[in-house]
>>> print(open('upload.txt').read())   # compact mmCIF, C-alpha atoms
# COMPACT_ATOMS: atom_id res chain seq x y z
CA MET A 185 -3.47 12.54 -19.13
CA ASP A 186 -6.70 12.67 -17.12
CA PRO A 187 -6.22 10.09 -14.35
CA HIS A 188 -9.98 9.45 -14.22
CA ARG A 189 -10.59 9.07 -17.93
CA SER A 190 -10.11 5.44 -18.84
CA SER A 191 -11.35 2.20 -17.35
CA ILE A 192 -11.38 -1.39 -18.59
CA SER A 193 -13.52 -4.38 -17.75
CA TYR A 194 -12.54 -6.52 -14.76
CA HIS A 195 -14.51 -9.63 -15.70
CA SER A 196 -15.17 -9.67 -19.43
CA ARG A 197 -11.53 -8.97 -20.41
CA GLN A 198 -9.94 -10.82 -17.48
CA SER A 199 -8.26 -7.60 -16.46
CA SER A 200 -7.85 -5.93 -13.09
CA TYR A 201 -10.38 -3.16 -13.51
CA LYS A 202 -14.14 -2.75 -13.60
CA ARG A 203 -15.95 -0.71 -16.25
CA GLU A 204 -17.70 2.29 -14.79
CA ARG A 205 -21.31 1.78 -13.74
CA ASP A 206 -24.04 4.02 -12.31
CA ASP A 207 -24.17 4.33 -8.54
CA ASN A 208 -26.54 1.80 -6.99
CA GLY A 209 -28.09 4.41 -4.77
CA ARG A 210 -27.40 2.70 -1.44
CA ASN A 211 -27.14 4.95 1.58
CA PRO A 212 -24.13 3.77 3.64
CA ARG A 213 -25.99 4.79 6.80
CA GLU A 214 -28.63 2.21 5.95
CA ASN A 215 -26.19 -0.64 5.27
CA LYS A 216 -26.37 -3.29 7.95
CA HIS A 217 -22.59 -3.43 8.28
CA PHE A 218 -22.52 0.14 9.66
CA ARG A 219 -23.55 -0.44 13.27
CA THR A 220 -23.85 1.75 16.33
CA ASN A 221 -21.19 0.79 18.83
CA THR A 222 -22.87 0.14 22.18
CA GLN A 223 -20.05 -1.91 23.69
CA HIS A 224 -16.87 0.09 23.02
CA GLN A 225 -16.95 3.76 23.96
CA TYR A 226 -13.89 5.91 23.25
CA ARG A 227 -13.12 9.33 24.65
CA SER A 228 -11.22 11.89 22.63
CA GLU A 229 -8.19 13.39 24.34
CA SER A 230 -9.91 16.76 24.32
CA ALA A 231 -13.29 17.97 23.21
CA LEU A 232 -13.74 18.03 19.46
CA GLY A 233 -16.66 20.42 19.52
CA GLN A 234 -20.02 20.90 21.18
CA ASN A 235 -21.48 17.73 19.73
CA PRO A 236 -19.32 14.70 20.65
CA LEU A 237 -18.94 12.14 17.90
CA SER A 238 -21.11 9.06 18.23
CA CYS A 239 -18.98 5.95 18.04
CA ARG A 240 -19.77 3.61 15.16
CA THR A 241 -18.35 0.33 13.94
CA LEU A 242 -17.81 -1.25 10.54
CA SER A 243 -18.26 -4.98 10.14
CA THR A 244 -15.62 -7.07 8.35
CA ARG A 245 -17.88 -10.09 7.75
CA ARG A 246 -17.10 -11.33 4.25
CA GLU A 247 -20.67 -12.10 3.20
CA LEU A 248 -21.60 -8.43 3.50
CA TYR A 249 -19.22 -7.53 0.68
CA GLU A 250 -20.17 -10.21 -1.84
CA ARG A 251 -21.81 -7.87 -4.30
CA ASP A 252 -20.91 -6.38 -7.68
CA PHE A 253 -17.28 -5.42 -8.15
CA PRO A 254 -16.96 -1.66 -7.53
CA VAL A 255 -15.78 0.78 -10.15
CA TYR A 256 -12.00 1.04 -10.05
CA LYS A 257 -10.46 3.38 -12.57
CA GLN A 258 -7.29 2.33 -14.30
CA PRO A 259 -4.48 3.87 -12.21
CA VAL A 260 -2.44 6.59 -13.87
CA GLU A 261 1.10 7.36 -12.79
CA VAL A 262 1.36 11.07 -12.05
CA GLY A 263 4.93 11.01 -10.76
CA CYS A 264 7.63 9.15 -8.93
CA PHE A 265 10.43 9.70 -6.45
CA SER A 266 13.59 8.04 -5.19
CA LEU A 267 15.13 7.43 -1.79
CA ASP A 268 18.91 7.07 -1.74
CA SER A 269 21.28 5.00 0.41
CA GLU A 270 20.77 7.45 3.30
CA ARG A 271 16.98 7.58 2.84
CA ARG A 272 17.10 11.07 1.34
CA PHE A 273 14.25 12.10 -0.94
CA PHE A 274 14.80 12.97 -4.62
CA ASN A 275 12.01 14.07 -6.92
CA ASP A 276 13.17 11.84 -9.78
CA SER A 277 13.66 8.24 -10.94
CA ARG A 278 17.36 7.77 -10.12
CA GLN A 279 16.63 4.59 -8.14
CA MET A 280 14.73 2.91 -10.98
CA ARG A 281 16.02 -0.58 -11.81
CA TYR A 282 15.46 -2.82 -14.82
CA TYR A 283 14.29 -6.41 -14.82
CA VAL A 284 16.61 -9.04 -16.31
CA GLU A 285 14.81 -12.34 -16.73
CA PRO A 286 16.67 -15.22 -15.05
CA ASP A 287 16.78 -18.87 -16.02
CA ARG A 288 13.81 -20.92 -14.88
CA ASN A 289 16.07 -22.87 -12.50
CA PRO A 290 18.71 -20.29 -11.54
CA ASN A 291 20.10 -21.69 -8.24
CA PHE A 292 20.52 -18.19 -6.78
CA ASN A 293 22.05 -18.28 -3.29
CA LEU A 294 19.94 -15.79 -1.33
CA ARG A 295 22.12 -16.10 1.80
CA ASP A 296 25.14 -14.62 0.01
CA GLY A 297 26.18 -11.25 1.43
CA TYR A 298 23.93 -11.29 4.51
CA ARG A 299 26.87 -11.13 6.91
CA ASP A 300 29.17 -8.74 5.08
CA ARG A 301 27.30 -6.82 2.33
CA PHE A 302 24.03 -5.78 3.91
CA ILE A 303 22.92 -2.34 5.13
CA LYS A 304 19.53 -2.62 6.79
CA ARG A 305 17.13 0.29 7.09
CA ASP A 306 16.21 1.16 10.67
CA ASP A 307 12.59 0.05 10.71
CA SER A 308 12.06 1.49 14.19
CA VAL A 309 12.05 4.93 12.52
CA LYS A 310 8.47 5.66 11.47
CA GLU A 311 8.39 7.81 8.34
CA ARG A 312 4.59 7.99 8.20
CA LEU A 313 3.55 9.98 5.10
CA ASP A 314 6.66 12.17 5.04
CA HIS A 315 8.00 11.13 1.64
CA ILE A 316 4.60 11.35 -0.05
CA LEU A 317 4.11 14.80 1.43
CA ARG A 318 7.51 15.86 0.07
CA TRP A 319 6.40 14.71 -3.35
CA ILE A 320 3.12 16.63 -3.07
CA VAL A 321 4.96 19.80 -2.03
CA ALA A 322 7.20 19.54 -5.10
CA ASN A 323 4.44 18.57 -7.55
CA LYS A 324 1.23 20.36 -6.61
CA SER A 325 0.68 21.57 -10.16
CA THR A 326 0.68 17.95 -11.34
CA ILE A 327 -2.11 17.03 -8.93
CA ASN A 328 -4.14 20.21 -9.38
CA PRO A 329 -4.36 21.27 -13.02
CA THR A 330 -5.61 24.83 -13.45
CA GLY A 331 -9.17 25.19 -12.29
CA ALA A 332 -9.50 21.60 -11.06
CA ALA A 333 -9.71 22.36 -7.36
CA ALA A 334 -12.30 24.44 -5.59
CA SER A 335 -9.54 26.16 -3.64
CA PRO A 336 -6.01 26.96 -4.82
CA ARG A 337 -4.79 25.38 -1.55
CA ALA A 338 -6.82 22.16 -1.79
CA LEU A 339 -5.67 18.91 -3.37
CA ASP A 340 -8.06 17.57 -5.96
CA VAL A 341 -8.20 14.15 -4.27
CA ASP A 342 -10.17 12.63 -1.39
CA PHE A 343 -7.45 10.41 0.09
CA VAL A 344 -3.65 10.45 0.30
CA THR A 345 -1.87 7.36 1.61
CA TRP A 346 0.63 4.59 0.98
CA ARG A 347 -0.24 1.63 -1.23
CA GLY A 348 0.65 -0.66 1.69
CA HIS A 349 -2.10 0.82 3.87
CA LEU A 350 -4.68 0.15 1.15
CA THR A 351 -3.31 -3.39 0.78
CA LYS A 352 -4.05 -3.98 4.46
CA LEU A 353 -7.63 -2.86 3.87
CA LEU A 354 -8.10 -5.14 0.86
CA THR A 355 -6.91 -8.19 2.79
CA THR A 356 -8.75 -7.40 6.05
CA PRO A 357 -11.82 -9.63 5.46
CA TYR A 358 -9.48 -12.63 5.17
CA GLU A 359 -6.82 -11.70 7.73
CA THR A 360 -6.76 -13.92 10.82
CA ARG A 361 -3.50 -12.95 12.54
CA GLU A 362 -2.57 -9.27 12.39
CA GLY A 363 -4.70 -6.29 13.30
CA TRP A 364 -4.00 -2.69 12.35
CA LEU A 365 -4.24 0.92 13.46
CA LEU A 366 -4.79 3.63 10.86
CA ALA A 367 -4.58 7.31 11.75
CA VAL A 368 -6.67 9.67 9.62
CA THR A 369 -6.55 13.46 9.48
CA ARG A 370 -8.73 15.70 7.33
CA PHE A 371 -6.76 18.72 6.13
CA ARG A 372 -8.15 21.26 3.66
CA GLY A 373 -10.73 18.74 2.53
CA THR A 374 -8.33 15.85 1.85
CA LEU A 375 -8.14 12.78 4.09
CA TYR A 376 -4.61 11.60 4.92
CA ILE A 377 -4.21 7.99 6.11
CA SER A 378 -1.08 6.91 7.97
CA GLU A 379 -0.39 3.65 9.79
CA VAL A 380 0.36 3.44 13.51
CA GLU A 381 2.38 0.47 14.71
CA THR A 382 0.32 -1.85 16.92
CA GLU A 383 1.74 -3.21 20.15
CA ALA A 384 1.70 -6.70 18.67
CA ALA A 385 3.66 -5.52 15.62
CA ARG A 386 6.17 -3.72 17.84
CA ARG A 387 6.75 -6.84 19.91
CA GLU A 388 7.19 -8.92 16.77
CA ARG A 389 9.68 -6.43 15.33
CA GLU A 390 11.72 -6.24 18.52
CA ASN A 391 11.81 -10.02 19.03
CA ARG A 392 12.56 -11.33 15.55
CA THR A 393 14.86 -14.32 15.46
CA GLU A 394 18.12 -14.24 13.53
CA ARG A 395 16.58 -16.73 11.10
CA HIS A 396 13.62 -14.40 10.50
CA GLU A 397 15.91 -11.42 9.91
CA GLU A 398 17.94 -13.40 7.39
CA MET A 399 14.84 -14.63 5.55
CA MET A 400 13.67 -11.02 5.22
CA TYR A 401 17.01 -10.28 3.56
CA TRP A 402 16.42 -13.04 1.00
CA GLY A 403 13.72 -11.05 -0.77
CA TYR A 404 16.04 -8.08 -1.27
CA LYS A 405 18.84 -10.38 -2.42
CA PHE A 406 16.58 -11.89 -5.08
CA GLU A 407 16.13 -8.38 -6.49
CA HIS A 408 19.92 -8.03 -6.80
CA TYR A 409 20.04 -11.20 -8.88
CA THR A 410 17.30 -10.00 -11.25
CA CYS A 411 17.69 -6.20 -11.52
CA ALA A 412 20.17 -4.02 -13.40
CA ASP A 413 20.91 -0.32 -12.92
CA ASN A 414 20.18 0.54 -16.56
CA THR A 415 18.96 -1.05 -19.78
CA HIS A 416 22.47 -1.91 -20.97
CA SER A 417 23.90 -3.49 -17.83
CA LEU A 418 23.51 -6.80 -16.01
CA PRO A 419 22.59 -7.50 -12.38
CA ASP A 420 25.40 -7.24 -9.83
CA PRO A 421 24.66 -9.86 -7.15
CA GLY A 422 28.08 -9.21 -5.59
CA GLY A 423 27.12 -5.66 -4.60
CA VAL A 424 25.86 -4.32 -1.28
CA VAL A 425 22.18 -4.77 -0.43
CA ASN A 426 21.01 -1.47 1.07
CA THR A 427 17.33 -1.47 2.04
CA ASN A 428 17.30 2.31 2.48
CA GLU A 429 17.19 2.67 -1.30
CA ALA A 430 13.83 2.74 -3.04
CA PHE A 431 12.02 3.83 -6.17
CA CYS A 432 8.37 4.77 -5.64
CA THR A 433 5.56 5.38 -8.09
CA VAL A 434 2.79 7.89 -7.36
CA VAL A 435 -0.58 7.09 -8.90
CA GLN A 436 -4.04 8.59 -9.08
CA THR A 437 -7.18 6.54 -9.47
CA ARG A 438 -10.77 6.33 -8.26
CA LEU A 439 -12.56 3.59 -6.31
CA ALA A 440 -16.30 4.21 -6.68
CA ASP A 441 -16.59 7.89 -5.65
CA HIS A 442 -13.30 7.98 -3.73
CA ARG A 443 -10.52 9.85 -5.52
CA LEU A 444 -7.19 8.35 -4.45
CA LEU A 445 -3.59 9.51 -4.58
CA PHE A 446 -1.12 6.96 -3.24
CA SER A 447 2.46 5.87 -3.55
CA GLY A 448 4.14 2.50 -3.41
CA GLU A 449 7.62 1.10 -3.84
CA VAL A 450 8.34 -0.52 -7.21
CA ASP A 451 10.99 -3.22 -7.57
CA CYS A 452 11.82 -2.72 -11.26
CA ARG A 453 10.49 -2.14 -14.73
CA ASP A 454 10.60 -4.02 -18.02
CA LYS A 455 13.79 -3.07 -19.86
CA ASP A 456 12.19 -3.50 -23.29
CA PRO A 457 12.01 0.00 -24.87
CA LYS A 458 8.68 -1.05 -26.41
CA ALA A 459 7.17 -1.85 -23.03
CA PRO A 460 3.94 0.02 -22.16
CA ALA A 461 3.99 3.20 -20.13
CA ALA A 462 4.10 3.09 -16.34
CA PRO A 463 2.60 1.56 -14.30
CA ALA A 464 1.99 -1.23 -16.85
CA CYS A 465 5.73 -1.70 -17.38
CA TYR A 466 6.48 -2.37 -13.72
CA VAL A 467 7.38 -5.78 -12.29
CA GLU A 468 6.95 -6.93 -8.69
CA LEU A 469 9.55 -9.40 -7.38
CA LYS A 470 8.80 -11.93 -4.63
CA THR A 471 10.31 -14.99 -3.00
CA SER A 472 8.44 -17.91 -1.47
CA ALA A 473 9.13 -21.40 -0.19
CA GLU A 474 9.07 -24.04 -2.93
CA ILE A 475 5.77 -25.89 -3.25
CA CYS A 476 6.07 -29.64 -2.81
CA THR A 477 2.59 -30.81 -1.74
CA PRO A 478 -1.06 -30.07 -2.65
CA LYS A 479 -1.58 -28.59 0.82
CA GLN A 480 1.30 -26.20 0.32
CA ARG A 481 -0.10 -25.14 -3.04
CA SER A 482 -3.53 -24.57 -1.53
CA ASN A 483 -2.05 -22.41 1.24
CA PHE A 484 -0.02 -20.49 -1.34
CA HIS A 485 -3.20 -19.74 -3.30
CA ARG A 486 -5.26 -18.82 -0.25
CA PHE A 487 -2.81 -16.66 1.66
CA LYS A 488 0.25 -15.54 -0.27
CA LEU A 489 -1.45 -14.88 -3.60
CA LEU A 490 -4.04 -12.72 -1.83
CA LYS A 491 -1.37 -10.29 -0.63
CA TRP A 492 0.54 -10.40 -3.91
CA TRP A 493 -2.63 -9.70 -5.87
CA ALA A 494 -3.75 -6.83 -3.63
CA GLN A 495 -0.34 -5.18 -3.60
CA SER A 496 0.02 -5.20 -7.40
CA PHE A 497 -3.62 -4.73 -8.38
CA LEU A 498 -3.93 -1.38 -6.62
CA PRO A 499 -1.24 0.54 -8.59
CA GLY A 500 -1.84 -1.41 -11.82
CA VAL A 501 1.37 -3.48 -11.79
CA PRO A 502 0.57 -6.33 -14.21
CA ARG A 503 2.86 -9.16 -13.09
CA VAL A 504 4.71 -10.70 -10.20
CA VAL A 505 7.89 -12.71 -10.75
CA ALA A 506 8.38 -15.21 -7.93
CA GLY A 507 11.55 -17.03 -6.98
CA PHE A 508 10.74 -20.29 -5.19
CA ARG A 509 13.51 -21.24 -2.79
CA ASP A 510 14.42 -24.22 -0.65
CA GLN A 511 15.00 -24.18 3.11
CA GLU A 512 18.65 -23.23 2.58
CA GLY A 513 17.73 -20.07 0.69
CA VAL A 514 18.57 -21.31 -2.82
CA VAL A 515 16.15 -20.29 -5.59
CA VAL A 516 15.25 -23.51 -7.40
CA SER A 517 12.62 -22.16 -9.80
CA VAL A 518 11.14 -18.90 -11.09
CA GLU A 519 7.52 -18.37 -12.12
CA THR A 520 5.58 -15.36 -13.43
CA PHE A 521 2.07 -14.61 -12.15
CA HIS A 522 -0.09 -12.26 -14.19
CA ILE A 523 -2.33 -10.26 -11.88
CA SER A 524 -5.27 -10.41 -14.28
CA LYS A 525 -5.20 -14.23 -14.15
CA ILE A 526 -4.83 -14.80 -10.42
CA SER A 527 -8.59 -14.78 -9.76
CA HIS A 528 -8.93 -17.64 -12.27
CA LEU A 529 -6.01 -19.48 -10.72
CA ILE A 530 -7.72 -19.60 -7.32
CA LYS A 531 -11.34 -20.05 -8.38
CA ASN A 532 -11.38 -23.80 -7.65
CA GLU A 533 -9.86 -23.43 -4.17
CA TYR A 534 -12.29 -24.25 -1.38
CA ASN A 535 -13.26 -21.26 0.77
CA CYS A 536 -10.79 -19.02 -1.00
CA TRP A 537 -10.63 -15.24 -1.08
CA LYS A 538 -12.61 -13.16 -3.58
CA PRO A 539 -11.38 -9.96 -5.20
CA THR A 540 -14.86 -8.43 -5.05
CA VAL A 541 -14.99 -8.85 -1.25
CA CYS A 542 -11.59 -7.19 -0.91
CA MET A 543 -12.46 -4.19 -3.03
CA ASN A 544 -15.95 -3.69 -1.61
CA PHE A 545 -14.63 -3.71 1.95
CA CYS A 546 -11.96 -1.16 1.07
CA CYS A 547 -14.57 1.00 -0.65
CA ASP A 548 -16.93 0.84 2.32
CA PHE A 549 -14.13 1.57 4.78
CA LEU A 550 -13.28 4.74 2.85
CA SER A 551 -16.97 5.73 2.95
CA PHE A 552 -16.97 5.05 6.69
CA VAL A 553 -13.91 7.29 7.12
CA LYS A 554 -15.56 10.09 5.14
CA ARG A 555 -18.59 10.01 7.43
CA VAL A 556 -16.59 9.82 10.64
CA VAL A 557 -13.71 12.24 10.04
CA THR A 558 -15.48 15.59 10.14
CA GLU A 559 -13.12 18.08 11.78
CA ASP A 560 -10.68 19.65 9.33
CA SER A 561 -7.45 20.19 11.25
CA HIS A 562 -3.91 18.83 11.20
CA ARG A 563 -4.13 18.77 15.01
CA VAL A 564 -6.93 16.19 15.05
CA VAL A 565 -6.43 12.48 14.36
CA TYR A 566 -9.13 9.83 14.13
CA LEU A 567 -7.60 6.47 15.01
CA PHE A 568 -9.27 3.49 13.31
CA SER A 569 -8.59 0.16 14.97
CA TRP A 570 -9.19 -3.42 13.89
CA ASP A 571 -8.34 -6.87 15.24
CA PRO A 572 -9.15 -10.18 13.52
CA TYR A 573 -12.75 -11.38 13.93
CA LYS A 574 -13.85 -7.97 15.26
CA ASP A 575 -15.44 -4.84 13.84
CA VAL A 576 -13.54 -1.70 12.89
CA THR A 577 -13.82 0.94 15.63
CA TYR A 578 -12.39 4.41 16.04
CA SER A 579 -11.44 7.08 18.57
CA ALA A 580 -10.70 10.79 18.17
CA HIS A 581 -7.58 12.60 19.45
CA ARG A 582 -6.43 16.20 19.47
CA ASP A 583 -2.77 17.28 19.85
CA SER A 584 -1.76 13.70 20.57
CA GLN A 585 1.19 11.44 19.80
CA TYR A 586 -0.78 10.24 16.77
CA CYS A 587 -0.50 13.55 14.87
CA PHE A 588 1.45 13.01 11.66
CA LEU A 589 0.87 16.09 9.49
CA PRO A 590 3.31 18.97 10.03
CA HIS A 591 2.23 22.46 11.02
CA CYS A 592 1.88 24.12 7.62
CA ARG A 593 2.34 27.71 6.62
CA VAL A 594 0.52 29.47 3.80
CA GLU A 595 3.28 30.91 1.66
CA ASP A 596 4.52 29.03 -1.37
CA GLU A 597 7.73 27.06 -1.32
CA ASP A 598 10.55 27.41 -3.83
CA GLU A 599 10.77 25.15 -6.86
CA ARG A 600 12.74 22.01 -6.01
CA GLY A 601 13.09 20.42 -9.42
CA GLN A 602 15.42 17.41 -9.33
CA SER A 603 17.27 18.34 -6.14
CA ALA A 604 16.85 16.74 -2.72
CA VAL A 605 14.20 18.32 -0.51
CA PRO A 606 15.87 19.59 2.69
CA GLN A 607 15.51 17.43 5.80
CA SER A 608 14.75 18.82 9.28
CA SER A 609 13.43 17.79 12.69
CA HIS A 610 10.16 17.25 10.94
CA PRO A 611 10.83 17.08 7.20
CA LEU A 612 7.88 19.24 6.24
CA VAL A 613 7.59 21.81 9.00
CA GLY A 614 6.71 25.09 7.32
CA TYR A 615 5.88 23.56 3.97
CA ASP A 616 2.58 24.35 2.32
CA LEU A 617 0.29 21.43 1.52
>>> encode(input="upload.txt", output="structure tokens")
Amino acid sequence: MDPHRSSISYHSRQSSYKRERDDNGRNPRENKHFRTNTQHQYRSESALGQNPLSCRTLSTRRELYERDFPVYKQPVEVGCFSLDSERRFFNDSRQMRYYVEPDRNPNFNLRDGYRDRFIKRDDSVKERLDHILRWIVANKSTINPTGAAASPRALDVDFVTWRGHLTKLLTTPYETREGWLLAVTRFRGTLYISEVETEAARRERENRTERHEEMMYWGYKFEHYTCADNTHSLPDPGGVVNTNEAFCTVVQTRLADHRLLFSGEVDCRDKDPKAPAAPACYVELKTSAEICTPKQRSNFHRFKLLKWWAQSFLPGVPRVVAGFRDQEGVVVSVETFHISKISHLIKNEYNCWKPTVCMNFCCDFLSFVKRVVTEDSHRVVYLFSWDPYKDVTYSAHRDSQYCFLPHCRVEDEDERGQSAVPQSSHPLVGYDL
């Protein structure tokens, strides 16, 4: 199926996508939110050519992005992959799980197993884009149908990244606490975006309280209460929770004139054999504190639903199932949120977030990246930086600690089929992108 063929209306059909329109003709260089940076000057770690890059900034002021919703093509799943209990990559769906609807008041004990049946992934290990690159290596013919690319070595997409990085961009105009660093490399015409851990995020990770660590476990435990290994089995909440394991979808879509290929972890799918094709059959699972007051409900709408919406909207996942739990970690109620209806759910909230602002900022950021990232080399990284209430800035680096693409060779790799892709000091050294 052509991943850019179909689109559906965002507003008129209360869906998550906008029908394609003509370009409005704006020149991004003339937009007032692209500003010359006269206060923050960055030096690249080595010269990037005879003409040094002029430093520019991108505003995150919400009012600048309150315009028509941009074209967003209905995402099409072009593949998937699995990560096993040891975080090994498999080019298949072996880690897919199936949603089993619980009672509305299930009384699930999310604390069960935390002390004795929990294997936690080492989140100090930064995988960057490694697993997505493995998938690309094994599936280049899927991305580049015959004759689609100008070069047999080029990917027929503008951007490759994780869904989570795009989620950060969508929520940026409303984020007030956490900044981000995004490393971008242009390689053979495609822009690869990988996150760099900020100092603030590192400190938070290294200084989490035991209570915080346990509450992070609760979300994974909820999945064990509501997911089965196949369509004929039931959930096994007495099993081991291993956060190394994952099933990831890979989708292609287009935001305005930006062709995107990204991957994101999927919790489970509808077990009904008549369910629609992926990604419309997928279900996102979440936990949240129970809502007891109007203020709590307002905060839930303004903050939590923003991130839930952005995370599911991007890959076309149609619903989020939320387990609301008490302070002791017991799920007291379960509620389903349809992504296409969330914008209506929040419309009466004062000073609430707007989907159009989120998508327009993401679109303009990608345009900004296209203008800035000019040198085509895996050795060069452009580091985009943002902190709340500030503009997006960038710096350029050659042969630095920020490099995340492997040194690639030109010869073709062997077919990998359903087998695990070999691991090494860098998992893709010598592989052809």
>>> closest_residue(input="upload.txt", among="A:Leu294, A:Val467, A:Leu490, A:Leu339", to="Leu353 of chain A", atoms="all atoms listed in the file")
A:Leu490
>>> closest_atom_pairs(input="upload.txt", of="segment 395-498 of chain A", to="segment 526-546 of chain A", cutoff="7 Å", atoms="all atoms listed in the file", output="CSV")
residue,atom,partner,partner_atom,distance
A:Ser482,CA,A:Glu533,CA,7.0
A:His485,CA,A:Ile530,CA,6.1
A:Arg486,CA,A:Cys536,CA,5.6
>>> closest_residue(input="upload.txt", among="A:Leu366, A:Tyr249, A:Ile303, A:Leu418", to="Tyr578 of chain A", atoms="only C-alpha atoms")
A:Leu366
>>> atom_distance(input="upload.txt", atom1="atom CA of Asp340 of chain A", atom2="atom CA of Phe446 of chain A")
13.0 Å
>>> atom_distance(input="upload.txt", atom1="atom CA of Asp451 of chain A", atom2="atom CA of Glu468 of chain A")
5.6 Å
>>> closest_residue(input="upload.txt", among="A:Ser277, A:Thr427, A:Thr326, A:Ser517", to="Asn289 of chain A", atoms="all atoms listed in the file")
A:Ser517
>>> atom_distance(input="upload.txt", atom1="atom CA of His522 of chain A", atom2="atom CA of Gly500 of chain A")
11.2 Å
>>> closest_residue(input="upload.txt", among="A:Pro254, A:Pro457, A:Gly448, A:Gly263", to="Asn414 of chain A", atoms="all atoms listed in the file")
A:Pro457
>>> residues_near_point(input="upload.txt", point="(9.2, -3.5, -8.8)", cutoff="10 Å", atoms="only C-alpha atoms", output="list in words")
Met280, Arg281, Tyr282, Tyr283, Glu407, Cys411, Ala430, Phe431, Cys432, Thr433, Gly448, Glu449, Val450, Asp451, Cys452, Arg453, Asp454, Pro463, Cys465, Tyr466, Val467, Glu468, Leu469, Lys470, Ser496, Val501, Arg503, Val504 and Val505 of chain A
>>> axis_aligned_box(input="upload.txt", around="segment 502-506 of chain A", padding_each_side="6 Å", output="lines of an AutoDock Vina configuration file")
center_x = 4.5
center_y = -10.8
center_z = -11.1
size_x = 19.8
size_y = 20.9
size_z = 18.3
>>> residues_around(input="upload.txt", residues="Val309 of chain A", least_positions_apart="2", cutoff="12 Å", atoms="all atoms listed in the file", output="ChimeraX atom specification")
/A:271,305-307,311-312,314,380-381,386,389,428
>>> closest_residue(input="upload.txt", among="A:Ala462, A:Leu242, A:Leu365, A:Met400", to="Ala385 of chain A", atoms="all atoms listed in the file")
A:Leu365
>>> closest_residue(input="upload.txt", among="A:Ser417, A:Gln258, A:Ser579, A:Gln436", to="Val284 of chain A", atoms="only C-alpha atoms")
A:Ser417
